[in-house]
$ cat coords37.pdb   # PDB, C-alpha atoms, pLDDT in the B column
MODEL        1
ATOM      1  CA  MET A   1     -15.837 -12.607 -19.104  1.00 40.00           C
ATOM      2  CA  GLY A   2     -12.909 -14.886 -18.185  1.00 42.00           C
ATOM      3  CA  ARG A   3     -10.490 -12.257 -19.467  1.00 44.00           C
ATOM      4  CA  ASP A   4     -12.230  -9.558 -17.396  1.00 45.00           C
ATOM      5  CA  ARG A   5     -11.937 -11.754 -14.307  1.00 47.00           C
ATOM      6  CA  LEU A   6      -8.231 -12.195 -14.915  1.00 49.00           C
ATOM      7  CA  ASN A   7      -7.787  -8.458 -15.425  1.00 79.00           C
ATOM      8  CA  ILE A   8      -9.652  -7.525 -12.257  1.00 81.00           C
ATOM      9  CA  ASP A   9      -7.601 -10.072 -10.292  1.00 83.00           C
ATOM     10  CA  GLU A  10      -4.355  -8.660 -11.675  1.00 84.00           C
ATOM     11  CA  LEU A  11      -5.480  -5.102 -11.024  1.00 86.00           C
ATOM     12  CA  PHE A  12      -6.442  -6.005  -7.470  1.00 87.00           C
ATOM     13  CA  LYS A  13      -3.120  -7.740  -6.756  1.00 85.00           C
ATOM     14  CA  PHE A  14      -1.107  -4.858  -8.145  1.00 85.00           C
ATOM     15  CA  TYR A  15      -3.071  -1.832  -6.928  1.00 88.00           C
ATOM     16  CA  TYR A  16      -4.768  -2.940  -3.690  1.00 89.00           C
ATOM     17  CA  ARG A  17      -1.955  -2.159  -1.281  1.00 88.00           C
ATOM     18  CA  PRO A  18      -0.868   1.159  -2.871  1.00 88.00           C
ATOM     19  CA  LEU A  19      -4.495   2.285  -3.082  1.00 91.00           C
ATOM     20  CA  CYS A  20      -5.047   1.412   0.593  1.00 89.00           C
ATOM     21  CA  LEU A  21      -1.996   3.456   1.560  1.00 86.00           C
ATOM     22  CA  TYR A  22      -3.245   6.280  -0.664  1.00 87.00           C
ATOM     23  CA  ALA A  23      -6.707   6.225   0.935  1.00 89.00           C
ATOM     24  CA  THR A  24      -5.112   6.167   4.386  1.00 86.00           C
ATOM     25  CA  HIS A  25      -3.531   9.552   3.640  1.00 83.00           C
ATOM     26  CA  TYR A  26      -7.088  10.895   3.398  1.00 84.00           C
ATOM     27  CA  VAL A  27      -9.090   8.989   6.002  1.00 86.00           C
ATOM     28  CA  GLN A  28      -6.292   8.334   8.526  1.00 85.00           C
ATOM     29  CA  ASP A  29      -7.669   4.862   9.311  1.00 87.00           C
ATOM     30  CA  VAL A  30      -6.380   1.627   7.788  1.00 87.00           C
ATOM     31  CA  GLU A  31      -9.638  -0.352   8.090  1.00 92.00           C
ATOM     32  CA  THR A  32     -11.691   2.450   6.548  1.00 92.00           C
ATOM     33  CA  ALA A  33      -9.133   2.776   3.746  1.00 91.00           C
ATOM     34  CA  LYS A  34      -9.381  -0.971   3.051  1.00 93.00           C
ATOM     35  CA  ASP A  35     -13.181  -0.740   2.920  1.00 94.00           C
ATOM     36  CA  ILE A  36     -13.017   2.177   0.498  1.00 94.00           C
ATOM     37  CA  VAL A  37     -10.605   0.382  -1.823  1.00 93.00           C
ATOM     38  CA  GLN A  38     -12.643  -2.829  -1.730  1.00 94.00           C
ATOM     39  CA  ASP A  39     -15.776  -0.823  -2.575  1.00 92.00           C
ATOM     40  CA  CYS A  40     -13.953   0.737  -5.508  1.00 92.00           C
ATOM     41  CA  PHE A  41     -12.930  -2.662  -6.842  1.00 91.00           C
ATOM     42  CA  SER A  42     -16.501  -3.929  -6.415  1.00 89.00           C
ATOM     43  CA  SER A  43     -17.765  -0.983  -8.451  1.00 88.00           C
ATOM     44  CA  LEU A  44     -15.115  -1.591 -11.088  1.00 87.00           C
ATOM     45  CA  TRP A  45     -16.079  -5.268 -11.249  1.00 85.00           C
ATOM     46  CA  GLU A  46     -19.730  -4.307 -11.769  1.00 84.00           C
ATOM     47  CA  LYS A  47     -18.782  -1.839 -14.508  1.00 82.00           C
ATOM     48  CA  MET A  48     -16.629  -4.454 -16.245  1.00 79.00           C
ATOM     49  CA  ASN A  49     -19.600  -6.842 -16.299  1.00 77.00           C
ATOM     50  CA  ASP A  50     -22.123  -4.210 -17.390  1.00 71.00           C
ATOM     51  CA  GLU A  51     -23.103  -4.426 -21.058  1.00 56.00           C
ATOM     52  CA  LYS A  52     -22.734  -0.653 -21.413  1.00 57.00           C
ATOM     53  CA  SER A  53     -19.364  -0.606 -19.731  1.00 57.00           C
ATOM     54  CA  CYS A  54     -17.035   2.053 -21.036  1.00 58.00           C
ATOM     55  CA  GLU A  55     -13.415   1.466 -21.826  1.00 73.00           C
ATOM     56  CA  VAL A  56     -10.938   2.974 -19.385  1.00 75.00           C
ATOM     57  CA  SER A  57      -7.834   4.263 -21.117  1.00 79.00           C
ATOM     58  CA  ASN A  58      -5.758   4.783 -17.965  1.00 83.00           C
ATOM     59  CA  MET A  59      -6.773   2.278 -15.298  1.00 85.00           C
ATOM     60  CA  LYS A  60      -4.225   3.525 -12.754  1.00 84.00           C
ATOM     61  CA  ALA A  61      -5.540   7.101 -12.931  1.00 85.00           C
ATOM     62  CA  TYR A  62      -9.121   5.859 -12.901  1.00 88.00           C
ATOM     63  CA  LEU A  63      -8.556   3.816  -9.716  1.00 90.00           C
ATOM     64  CA  TYR A  64      -6.712   6.599  -7.899  1.00 88.00           C
ATOM     65  CA  VAL A  65      -9.415   9.143  -8.744  1.00 88.00           C
ATOM     66  CA  MET A  66     -12.111   6.678  -7.674  1.00 92.00           C
ATOM     67  CA  VAL A  67     -10.367   6.069  -4.336  1.00 91.00           C
ATOM     68  CA  LYS A  68      -9.811   9.802  -3.816  1.00 89.00           C
ATOM     69  CA  ASN A  69     -13.470  10.576  -4.513  1.00 90.00           C
ATOM     70  CA  ARG A  70     -14.726   7.828  -2.210  1.00 92.00           C
ATOM     71  CA  SER A  71     -12.323   8.956   0.497  1.00 88.00           C
ATOM     72  CA  LEU A  72     -13.558  12.526   0.212  1.00 86.00           C
ATOM     73  CA  ASP A  73     -17.167  11.285   0.254  1.00 85.00           C
ATOM     74  CA  TYR A  74     -16.415   9.331   3.423  1.00 86.00           C
ATOM     75  CA  LEU A  75     -14.848  12.372   5.093  1.00 83.00           C
ATOM     76  CA  SER A  76     -17.781  14.535   4.070  1.00 78.00           C
ATOM     77  CA  GLN A  77     -20.358  12.035   5.347  1.00 78.00           C
ATOM     78  CA  GLU A  78     -18.540  11.550   8.612  1.00 72.00           C
ATOM     79  CA  ASN A  79     -18.067  15.299   9.099  1.00 62.00           C
ATOM     80  CA  LEU A  80     -14.368  14.731   9.593  1.00 49.00           C
ATOM     81  CA  PHE A  81     -13.259  17.934   7.947  1.00 50.00           C
ATOM     82  CA  LYS A  82     -11.899  20.508  10.330  1.00 45.00           C
ATOM     83  CA  SER A  83     -13.600  23.861  10.110  1.00 41.00           C
ATOM     84  CA  GLY A  84     -12.003  26.134   7.543  1.00 44.00           C
ATOM     85  CA  VAL A  85     -10.622  23.273   5.415  1.00 48.00           C
ATOM     86  CA  SER A  86     -12.069  22.985   1.932  1.00 51.00           C
ATOM     87  CA  PHE A  87     -11.910  20.202  -0.620  1.00 50.00           C
ATOM     88  CA  THR A  88      -9.510  22.264  -2.704  1.00 52.00           C
ATOM     89  CA  ASP A  89      -7.173  22.681   0.277  1.00 50.00           C
ATOM     90  CA  LEU A  90      -7.150  18.920   0.746  1.00 51.00           C
ATOM     91  CA  GLU A  91      -6.614  18.273  -2.952  1.00 51.00           C
ATOM     92  CA  GLU A  92      -3.575  20.544  -3.045  1.00 49.00           C
ATOM     93  CA  THR A  93      -2.117  18.707  -0.077  1.00 50.00           C
ATOM     94  CA  LEU A  94      -2.997  15.138  -0.962  1.00 48.00           C
ATOM     95  CA  LEU A  95      -3.359  14.893  -4.737  1.00 49.00           C
ATOM     96  CA  ASP A  96       0.210  15.704  -5.411  1.00 53.00           C
ATOM     97  CA  GLU A  97       1.881  12.945  -7.433  1.00 64.00           C
ATOM     98  CA  GLU A  98       4.268  12.544  -4.504  1.00 64.00           C
ATOM     99  CA  VAL A  99       1.503  10.999  -2.397  1.00 65.00           C
ATOM    100  CA  GLU A 100       0.602   8.536  -5.132  1.00 68.00           C
ATOM    101  CA  GLU A 101       4.236   7.641  -5.746  1.00 70.00           C
ATOM    102  CA  ARG A 102       4.874   7.353  -2.005  1.00 69.00           C
ATOM    103  CA  SER A 103       1.956   4.946  -1.624  1.00 72.00           C
ATOM    104  CA  VAL A 104       3.362   2.793  -4.437  1.00 70.00           C
ATOM    105  CA  MET A 105       6.822   2.865  -2.869  1.00 72.00           C
ATOM    106  CA  GLU A 106       5.406   1.994   0.576  1.00 73.00           C
ATOM    107  CA  ALA A 107       3.520  -0.921  -0.952  1.00 74.00           C
ATOM    108  CA  ARG A 108       6.674  -2.195  -2.659  1.00 75.00           C
ATOM    109  CA  MET A 109       8.601  -1.883   0.602  1.00 76.00           C
ATOM    110  CA  TRP A 110       5.945  -3.784   2.607  1.00 78.00           C
ATOM    111  CA  THR A 111       5.751  -6.470  -0.083  1.00 78.00           C
ATOM    112  CA  ALA A 112       9.519  -6.889   0.214  1.00 80.00           C
ATOM    113  CA  ILE A 113       9.330  -6.938   4.037  1.00 83.00           C
ATOM    114  CA  ASP A 114       6.569  -9.567   3.884  1.00 83.00           C
ATOM    115  CA  ALA A 115       8.865 -11.730   1.750  1.00 84.00           C
ATOM    116  CA  LEU A 116      11.721 -11.723   4.303  1.00 88.00           C
ATOM    117  CA  PRO A 117      12.544 -14.966   6.119  1.00 91.00           C
ATOM    118  CA  GLU A 118      10.456 -15.134   9.295  1.00 92.00           C
ATOM    119  CA  ARG A 119      13.153 -14.511  11.933  1.00 93.00           C
ATOM    120  CA  CYS A 120      14.823 -11.858   9.805  1.00 91.00           C
ATOM    121  CA  ARG A 121      11.472 -10.049   9.389  1.00 89.00           C
ATOM    122  CA  GLU A 122      10.717 -10.277  13.122  1.00 92.00           C
ATOM    123  CA  VAL A 123      14.108  -8.847  14.085  1.00 93.00           C
ATOM    124  CA  PHE A 124      13.898  -6.109  11.472  1.00 89.00           C
ATOM    125  CA  LEU A 125      10.388  -5.016  12.506  1.00 87.00           C
ATOM    126  CA  LEU A 126      11.204  -5.091  16.207  1.00 89.00           C
ATOM    127  CA  HIS A 127      14.117  -2.762  15.555  1.00 88.00           C
ATOM    128  CA  LYS A 128      12.712  -0.450  12.857  1.00 83.00           C
ATOM    129  CA  ARG A 129       8.992  -0.416  13.601  1.00 80.00           C
ATOM    130  CA  ASP A 130       8.970  -0.977  17.373  1.00 82.00           C
ATOM    131  CA  GLY A 131      12.228   0.815  18.179  1.00 87.00           C
ATOM    132  CA  LEU A 132      13.866  -1.979  20.172  1.00 89.00           C
ATOM    133  CA  LYS A 133      17.615  -1.826  20.576  1.00 93.00           C
ATOM    134  CA  TYR A 134      19.838  -4.649  19.327  1.00 93.00           C
ATOM    135  CA  GLN A 135      20.482  -5.817  22.895  1.00 95.00           C
ATOM    136  CA  GLU A 136      16.752  -6.028  23.670  1.00 94.00           C
ATOM    137  CA  ILE A 137      16.106  -8.056  20.531  1.00 94.00           C
ATOM    138  CA  ALA A 138      19.051 -10.337  21.298  1.00 95.00           C
ATOM    139  CA  GLU A 139      17.647 -11.043  24.766  1.00 95.00           C
ATOM    140  CA  LYS A 140      14.139 -11.629  23.419  1.00 94.00           C
ATOM    141  CA  PHE A 141      15.294 -14.285  20.928  1.00 94.00           C
ATOM    142  CA  HIS A 142      18.277 -15.579  22.959  1.00 95.00           C
ATOM    143  CA  ILE A 143      20.713 -14.708  20.191  1.00 95.00           C
ATOM    144  CA  SER A 144      23.841 -12.549  20.060  1.00 95.00           C
ATOM    145  CA  VAL A 145      23.846  -8.855  19.238  1.00 94.00           C
ATOM    146  CA  HIS A 146      26.016  -9.757  16.233  1.00 96.00           C
ATOM    147  CA  THR A 147      23.261 -12.087  14.973  1.00 95.00           C
ATOM    148  CA  VAL A 148      20.703  -9.295  15.377  1.00 94.00           C
ATOM    149  CA  ASP A 149      22.964  -7.006  13.350  1.00 93.00           C
ATOM    150  CA  SER A 150      23.326  -9.717  10.681  1.00 93.00           C
ATOM    151  CA  HIS A 151      19.541 -10.128  10.448  1.00 93.00           C
ATOM    152  CA  ILE A 152      19.026  -6.385  10.053  1.00 90.00           C
ATOM    153  CA  GLN A 153      21.734  -6.039   7.426  1.00 91.00           C
ATOM    154  CA  LYS A 154      20.276  -9.020   5.551  1.00 90.00           C
ATOM    155  CA  ALA A 155      16.803  -7.489   5.782  1.00 88.00           C
ATOM    156  CA  PHE A 156      17.997  -4.199   4.293  1.00 85.00           C
ATOM    157  CA  ARG A 157      19.707  -6.020   1.432  1.00 86.00           C
ATOM    158  CA  LEU A 158      16.701  -8.238   0.694  1.00 84.00           C
ATOM    159  CA  ILE A 159      14.263  -5.324   0.938  1.00 80.00           C
ATOM    160  CA  ARG A 160      16.309  -3.302  -1.558  1.00 79.00           C
ATOM    161  CA  GLU A 161      16.547  -6.296  -3.906  1.00 78.00           C
ATOM    162  CA  GLY A 162      12.914  -7.314  -3.405  1.00 71.00           C
ATOM    163  CA  ALA A 163      11.500  -3.838  -3.955  1.00 61.00           C
ATOM    164  CA  TYR A 164      13.595  -3.515  -7.100  1.00 56.00           C
ATOM    165  CA  LYS A 165      12.355  -6.873  -8.420  1.00 59.00           C
ATOM    166  CA  VAL A 166       8.734  -5.903  -7.726  1.00 52.00           C
ATOM    167  CA  TYR A 167       9.344  -2.632  -9.546  1.00 51.00           C
ATOM    168  CA  LEU A 168      10.884  -4.372 -12.570  1.00 50.00           C
ATOM    169  CA  PHE A 169       8.116  -6.986 -12.716  1.00 50.00           C
ATOM    170  CA  PHE A 170       5.304  -4.436 -12.895  1.00 48.00           C
ATOM    171  CA  PHE A 171       6.929  -1.467 -14.623  1.00 49.00           C
ATOM    172  CA  ASN A 172       8.957  -3.098 -17.389  1.00 44.00           C
TER     173      ASN A 172
ENDMDL
END
$ encode --input "coords37.pdb" --output "structure tokens"
Amino acid sequence: MGRDRLNIDELFKFYYRPLCLYATHYVQDVETAKDIVQDCFSSLWEKMNDEKSCEVSNMKAYLYVMVKNRSLDYLSQENLFKSGVSFTDLEETLLDEEVEERSVMEARMWTAIDALPERCREVFLLHKRDGLKYQEIAEKFHISVHTVDSHIQKAFRLIREGAYKVYLFFFN
């Protein structure tokens, strides 16, 4: 049981964020996506502790299919499908490996952004996420435009390096 606990913890740490991003492509709501993924991990935990639990040969595929199915169930229950859209239409659009890979890449990027030094992260997000110009950021933090540029360049470098390290850690 201790080994199962360790495995579920590792699975959660590695797959939670990409699975949330993946579910968001379906349900279009971050909080709902988080709930769906947490429910999936709860179900997995129960299965791992069940005496009759079956072995899963490809945990990544199993989790993504589970999240997809729960997302589709949610959409069906909430009547969120537009008229004329079928499950097969949605599958063709969203089940493409690109969506799964994109969710993994987004998760790696956000993990790298989260690891940036605080001021560097703030400056980077104000510019890239919020669309503020260098001058506006400089005025907000009472720093020079050159310092803003330095923070953004540093952020890009650290994000590239950080995302690569995360990739190497989990995929090698």
$ resolve_selection --input "coords37.pdb" --expression "the PyMOL selection byres ((chain A and resi 23) around 9)" --output "ChimeraX atom specification"
/A:18-22,24-30,32-34,36-37,64,67-68,70-71
$ resolve_selection --input "coords37.pdb" --expression "the PyMOL selection byres ((chain A and resi 115) around 12)" --output "list in words"
Arg108, Met109, Trp110, Thr111, Ala112, Ile113, Asp114, Leu116, Pro117, Glu118, Arg119, Cys120, Arg121, Glu122, Ala155, Leu158, Ile159, Arg160, Glu161, Gly162, Ala163, Lys165 and Val166 of chain A
$ closest_residue --input "coords37.pdb" --among "A:Leu132, A:Val104, A:Val123, A:Leu44" --to "A:Leu11" --atoms "all atoms listed in the file"
A:Leu44
$ atom_distance --input "coords37.pdb" --atom1 "atom CA of A:Phe12" --atom2 "atom CA of A:Leu72"
21.3 Å
$ atom_distance --input "coords37.pdb" --atom1 "atom CA of A:Gln77" --atom2 "atom CA of A:Ser42"
20.2 Å
$ axis_aligned_box --input "coords37.pdb" --around "stretch 17-28 of chain A" --padding-each-side "3 Å" --output "lines of an AutoDock Vina configuration file"
center_x = -5.0
center_y = 4.4
center_z = 2.7
size_x = 14.2
size_y = 19.1
size_z = 17.6
$ closest_residue --input "coords37.pdb" --among "A:Asn7, A:Lys128, A:Arg17, A:Cys40" --to "A:Glu106" --atoms "all atoms listed in the file"
A:Arg17
$ atom_distance --input "coords37.pdb" --atom1 "atom CA of A:Ala107" --atom2 "atom CA of A:Leu125"
15.7 Å
$ residues_around --input "coords37.pdb" --residues "A:Glu136" --least-positions-apart "4" --cutoff "10 Å" --atoms "only C-alpha atoms" --output "NGL selection string"
:A and (126-127 or 131-132 or 140-142 or 145 or 148)
